[in-house]
$ cat run_34.txt   # compact mmCIF, C-alpha atoms and all ligand atoms
# COMPACT_ATOMS: atom_id res chain seq x y z
CA MET I 1 11.86 106.62 -22.57
CA ARG I 2 11.03 104.06 -19.90
CA LEU I 3 13.88 101.91 -18.63
CA LEU I 4 12.30 98.76 -20.01
CA ASP I 5 11.86 100.34 -23.46
CA ALA I 6 15.50 101.41 -23.36
CA VAL I 7 16.58 97.80 -22.70
CA GLU I 8 14.21 96.56 -25.42
CA SER I 9 15.86 98.81 -27.98
CA ALA I 10 19.37 97.84 -26.85
CA VAL I 11 18.86 94.07 -27.03
CA ASP I 12 19.99 92.08 -30.03
CA LYS I 13 16.57 90.63 -30.89
CA PRO I 14 17.58 89.18 -34.28
CA SER I 15 19.84 86.78 -32.38
CA LEU I 16 16.71 84.74 -31.63
CA ARG I 17 15.77 84.74 -35.32
CA ARG I 18 19.36 83.88 -36.21
CA ARG I 19 19.20 80.88 -33.91
CA TRP I 20 16.35 79.46 -35.99
CA ILE I 21 18.25 80.13 -39.21
CA LEU I 22 21.35 78.43 -37.80
CA ASN I 23 19.26 75.47 -36.64
CA ALA I 24 17.82 75.17 -40.15
CA ILE I 25 21.32 75.29 -41.69
CA ASP I 26 22.54 72.63 -39.22
CA GLY I 27 19.53 70.48 -40.17
CA LEU I 28 20.41 70.78 -43.86
CA VAL I 29 24.07 69.90 -43.16
CA LEU I 30 22.96 66.85 -41.15
CA ALA I 31 20.63 65.75 -43.96
CA ALA I 32 23.36 66.23 -46.60
CA CYS I 33 25.84 64.25 -44.47
CA ALA I 34 23.30 61.46 -44.02
CA VAL I 35 22.72 61.26 -47.79
CA VAL I 36 26.46 61.19 -48.61
CA ALA I 37 27.14 58.63 -45.85
CA TRP I 38 24.36 56.48 -47.30
CA LEU I 39 25.62 56.73 -50.91
CA ASP I 40 29.39 56.61 -50.39
CA ALA I 41 31.25 53.64 -48.94
CA GLY I 42 34.73 55.19 -48.74
CA ILE I 43 36.41 57.87 -46.68
CA MET I 44 33.52 60.29 -47.35
CA ARG I 45 31.18 58.03 -45.39
CA TRP I 46 33.35 58.20 -42.28
CA SER I 47 33.92 61.93 -42.67
CA CYS I 48 30.18 62.49 -42.89
CA ILE I 49 29.46 60.22 -39.93
CA ALA I 50 32.10 62.09 -37.88
CA CYS I 51 30.52 65.41 -38.90
CA MET I 52 27.04 64.14 -37.92
CA VAL I 53 28.25 62.89 -34.52
CA TYR I 54 29.95 66.23 -33.87
CA LEU I 55 26.86 68.25 -34.82
CA ILE I 56 24.52 66.07 -32.77
CA CYS I 57 26.81 66.23 -29.68
CA TRP I 58 27.04 70.01 -30.03
CA LYS I 59 23.26 70.35 -30.33
CA VAL I 60 22.66 68.09 -27.31
CA ARG I 61 25.13 70.16 -25.28
CA ARG I 62 23.32 73.38 -26.22
CA LEU I 63 19.99 71.74 -25.39
CA LEU I 64 21.18 70.58 -21.96
CA PHE I 65 23.01 73.81 -21.12
CA PRO I 66 21.14 76.57 -22.91
CA ALA I 67 22.69 80.00 -22.80
CA LEU I 68 19.58 82.08 -22.48
CA PRO I 69 20.09 85.19 -20.42
CA THR I 70 16.69 86.64 -21.42
CA ALA I 71 15.67 85.52 -17.97
CA ALA I 72 18.78 87.23 -16.65
CA ILE I 73 17.62 90.49 -18.22
CA ASP I 74 14.06 90.06 -16.87
CA ARG I 75 15.44 89.46 -13.39
CA LEU I 76 17.49 92.66 -13.28
CA THR I 77 16.56 95.34 -10.80
CA SER I 78 16.16 98.88 -12.11
CA ASP I 79 19.61 99.79 -10.74
CA GLU I 80 21.19 96.83 -12.51
CA THR I 81 19.31 97.68 -15.71
CA SER I 82 20.59 101.26 -15.58
CA ARG I 83 24.13 100.00 -15.07
CA LEU I 84 23.77 97.59 -17.99
CA LEU I 85 22.59 100.38 -20.31
CA GLU I 86 25.30 102.69 -19.04
CA ARG I 87 28.04 100.13 -19.71
CA ARG I 88 26.67 99.45 -23.16
CA GLN I 89 26.83 103.15 -23.89
CA VAL I 90 30.44 103.30 -22.70
CA ALA I 91 31.30 100.28 -24.86
CA GLU I 92 29.64 102.01 -27.81
CA LEU I 93 31.83 105.07 -27.27
CA TRP I 94 34.96 102.91 -27.25
CA LEU I 95 33.76 101.24 -30.42
CA ALA I 96 33.25 104.65 -32.06
CA ASP I 97 36.77 105.69 -31.01
CA MET I 98 38.33 102.51 -32.38
CA CYS I 99 36.43 102.87 -35.66
CA ALA I 100 37.57 106.48 -35.97
CA ALA I 101 41.19 105.49 -35.20
CA ARG I 102 41.09 102.80 -37.90
CA SER I 103 38.99 104.83 -40.37
CA VAL I 104 36.28 102.15 -40.37
CA ARG I 105 33.65 103.39 -42.80
CA ARG I 106 30.63 101.51 -41.46
CA ARG I 107 30.65 101.15 -37.70
CA PRO I 108 28.96 97.95 -36.45
CA ARG I 109 26.04 98.27 -34.04
CA LEU I 110 26.69 97.23 -30.46
CA LEU I 111 23.78 95.49 -28.75
CA ILE I 112 23.11 93.42 -25.65
CA ALA I 113 23.28 89.71 -26.54
CA LEU I 114 20.53 87.26 -25.74
CA THR I 115 23.09 84.49 -25.98
CA GLY I 116 25.69 83.85 -23.29
CA PHE I 117 28.70 84.83 -25.39
CA ALA I 118 30.14 87.83 -27.18
CA SER I 119 29.88 87.57 -30.95
CA TYR I 120 29.82 89.37 -34.27
CA ALA I 121 27.02 88.78 -36.80
CA PRO I 122 27.88 89.80 -40.38
CA PHE I 123 24.30 89.93 -41.67
CA GLY I 124 23.22 92.67 -39.30
CA HIS I 125 26.83 93.97 -38.97
CA THR I 126 26.23 93.71 -35.22
CA ILE I 127 28.47 93.10 -32.24
CA SER I 128 26.54 91.50 -29.36
CA ILE I 129 27.84 91.52 -25.80
CA PRO I 130 25.97 89.60 -23.08
CA PRO I 131 24.83 91.32 -19.86
CA SER I 132 27.30 89.26 -17.79
CA HIS I 133 30.27 90.68 -19.74
CA LEU I 134 28.91 94.22 -19.72
CA THR I 135 28.33 94.30 -16.00
CA SER I 136 31.22 92.28 -14.60
CA LEU I 137 34.28 92.85 -16.82
CA THR I 138 36.64 95.69 -15.99
CA ASP I 139 36.84 98.62 -18.41
CA GLU I 140 40.13 97.40 -19.87
CA ASP I 141 38.89 93.84 -20.35
CA LEU I 142 35.54 94.86 -21.84
CA ARG I 143 37.33 97.19 -24.24
CA LEU I 144 39.50 94.29 -25.43
CA VAL I 145 36.42 92.09 -25.93
CA VAL I 146 34.75 94.81 -28.03
CA ALA I 147 37.99 95.31 -29.99
CA HIS I 148 38.25 91.56 -30.67
CA GLU I 149 34.72 91.52 -32.11
CA LEU I 150 35.52 94.61 -34.19
CA GLY I 151 38.50 92.61 -35.50
CA HIS I 152 36.01 90.02 -36.81
CA ALA I 153 33.84 92.81 -38.23
CA GLN I 154 36.86 94.12 -40.15
CA ARG I 155 37.02 90.77 -41.99
CA ARG I 156 33.25 90.54 -42.09
CA TRP I 157 32.53 87.80 -44.65
CA ILE I 158 35.93 86.07 -44.64
CA SER I 159 35.61 85.64 -40.87
CA THR I 160 32.10 84.24 -41.21
CA TRP I 161 32.74 81.76 -43.99
CA SER I 162 35.84 80.23 -42.40
CA PHE I 163 34.72 76.74 -41.54
CA SER I 164 37.84 74.63 -41.13
CA VAL I 165 39.55 74.48 -37.74
CA ILE I 166 42.68 76.14 -39.16
CA ALA I 167 40.74 78.92 -40.92
CA LYS I 168 38.71 79.59 -37.75
CA MET I 169 41.85 79.69 -35.65
CA LYS I 170 43.45 82.12 -38.11
CA GLU I 171 40.43 84.42 -37.81
CA GLU I 172 40.60 84.28 -34.00
CA ILE I 173 44.32 85.11 -34.04
CA LEU I 174 43.79 88.00 -36.47
CA ALA I 175 40.96 89.34 -34.29
CA ASP I 176 43.21 88.99 -31.21
CA ARG I 177 46.00 90.89 -32.98
CA PHE I 178 43.62 93.62 -34.04
CA ALA I 179 42.31 93.93 -30.47
CA LEU I 180 45.79 94.23 -28.96
CA ASP I 181 46.89 96.64 -31.64
CA VAL I 182 43.90 99.00 -31.46
CA THR I 183 43.82 99.06 -27.65
CA GLY I 184 47.60 99.14 -27.17
CA SER I 185 47.40 96.10 -24.87
CA ASP I 186 49.95 93.33 -24.38
CA PRO I 187 49.77 89.50 -24.24
CA ALA I 188 49.39 89.59 -20.43
CA ALA I 189 46.16 91.56 -20.88
CA TRP I 190 45.03 89.03 -23.49
CA VAL I 191 45.58 86.14 -21.04
CA ARG I 192 43.65 88.00 -18.32
CA VAL I 193 40.71 88.66 -20.66
CA MET I 194 40.63 85.08 -21.90
CA ARG I 195 40.49 83.85 -18.30
CA ALA I 196 37.71 86.27 -17.39
CA VAL I 197 35.68 85.52 -20.53
CA ALA I 198 36.18 81.74 -20.22
CA ALA I 199 34.78 81.92 -16.68
CA LEU I 200 31.74 83.91 -17.84
CA GLU I 201 31.02 81.94 -21.00
CA ASP I 202 31.94 78.52 -19.65
CA ASN I 203 33.43 77.88 -23.11
CA GLY I 204 36.11 75.42 -22.01
CA LEU I 205 38.85 77.70 -23.35
CA GLY I 206 40.95 77.24 -20.24
CA GLU I 207 44.70 77.44 -20.07
CA ASP I 208 45.10 73.69 -20.58
CA ASP I 209 43.13 73.96 -23.83
CA ALA I 210 45.03 73.56 -27.12
CA GLU I 211 43.28 76.53 -28.76
CA PHE I 212 44.17 78.76 -25.83
CA GLU I 213 47.85 77.76 -26.11
CA ILE I 214 48.00 78.21 -29.90
CA ARG I 215 46.39 81.65 -29.68
CA ARG I 216 48.60 82.67 -26.75
CA ARG I 217 51.79 81.66 -28.58
CA ALA I 218 50.65 83.41 -31.75
CA ILE I 219 49.97 86.62 -29.83
CA VAL I 220 53.22 86.49 -27.84
CA GLY I 221 55.25 85.82 -31.03
CA TRP I 222 53.54 88.63 -32.91
CA HIS I 223 54.00 91.03 -30.00
CA GLN I 224 57.72 90.19 -29.72
CA ARG I 225 58.29 90.58 -33.48
CA ARG I 226 56.55 93.93 -33.41
CA ALA I 227 58.58 95.11 -30.41
CA ALA I 228 61.80 94.07 -32.18
CA ARG I 229 60.86 96.09 -35.23
CA PRO I 230 59.63 99.49 -34.02
CA LEU I 231 57.90 101.78 -36.47
CA ALA I 232 60.27 103.95 -38.52
CA ILE I 233 59.68 107.64 -37.86
ZN ZN G 301 36.54 85.69 -31.93
$ encode --input "run_34.txt" --output "structure tokens" --more "lines below"
Ligand SMILES: [Zn+2]
Amino acid sequence: MRLLDAVESAVDKPSLRRRWILNAIDGLVLAACAVVAWLDAGIMRWSCIACMVYLICWKVRRLLFPALPTAAIDRLTSDETSRLLERRQVAELWLADMCAARSVRRRPRLLIALTGFASYAPFGHTISIPPSHLTSLTDEDLRLVVAHELGHAQRRWISTWSFSVIAKMKEEILADRFALDVTGSDPAAWVRVMRAVAALEDNGLGEDDAEFEIRRRAIVGWHQRRAARPLAI
């Protein structure tokens, strides 16, 4: 198989299709909000207007700063392409090990993302990791990223249909716990990975961010409780 064909088969192509589906869903949400804001004069109006402003700001941000590493893949030299494929294969082996350790019946696919961030898609049961993460994270950090996404895959639909801030946060914390548990890592490793991933994804999840602090505290607390209550043999 030619190198280019190998990359072709390893790339998460549906992520482009998914983007259109997500855009369509966002459009429908915007339209629904506009209708409710038009019809309702009470608190619903302001909630809908707030939702519309948030969605529009988010879309504008994505439009101004698109995360499209397709160009990044096209630009790769053959050495870099080989390394990318090699790392993906290694990540796939880790994923297989974790699934075996947790008796996961249906292992998710692991593909190279065409977006700039690591994610899990429930429809294709696919974990996507961008080239930047695959090539620049250390083995330990990449393994934790894969484990975190597998944590989402373990709660496939619940994780996907969690829309409120609290529900989303809960899913992130559960995925973090799963990642630390399955890899045997500690909160210090979590902090290191979050720093490395935040730098790569430019996701604003820095250490002065509220979400970062909530997740860090949750992980530290959970880790301490677990250490205080060792498994009975
Ligand atoms: Zn997550």
$ closest_residue --input "run_34.txt" --among "I:Val197, I:Ile56, I:Ile158, I:Leu111" --to "Leu137 of chain I" --atoms "all atoms listed in the file"
I:Val197
$ closest_residue --input "run_34.txt" --among "I:Val145, I:Val191, I:Ala91, I:Ala196" --to "ligand ZN 301 (chain G)" --atoms "only C-alpha atoms and all ligand atoms"
I:Val145
$ atom_distance --input "run_34.txt" --atom1 "atom CA of Ala167 of chain I" --atom2 "atom CA of Ala147 of chain I"
19.9 Å
$ residues_near_ligand --input "run_34.txt" --ligand "ligand ZN 301 (chain G)" --cutoff "10 Å" --atoms "all atoms listed in the file" --output "list of chain:residue names"
I:Ala118, I:Ser119, I:Tyr120, I:Val145, I:Ala147, I:His148, I:Glu149, I:Leu150, I:Gly151, I:His152, I:Ala153, I:Ser159, I:Lys168, I:Met169, I:Lys170, I:Glu171, I:Glu172, I:Ile173, I:Leu174, I:Ala175, I:Asp176
$ atom_distance --input "run_34.txt" --atom1 "atom CA of Ile112 of chain I" --atom2 "atom CA of Thr81 of chain I"
11.5 Å
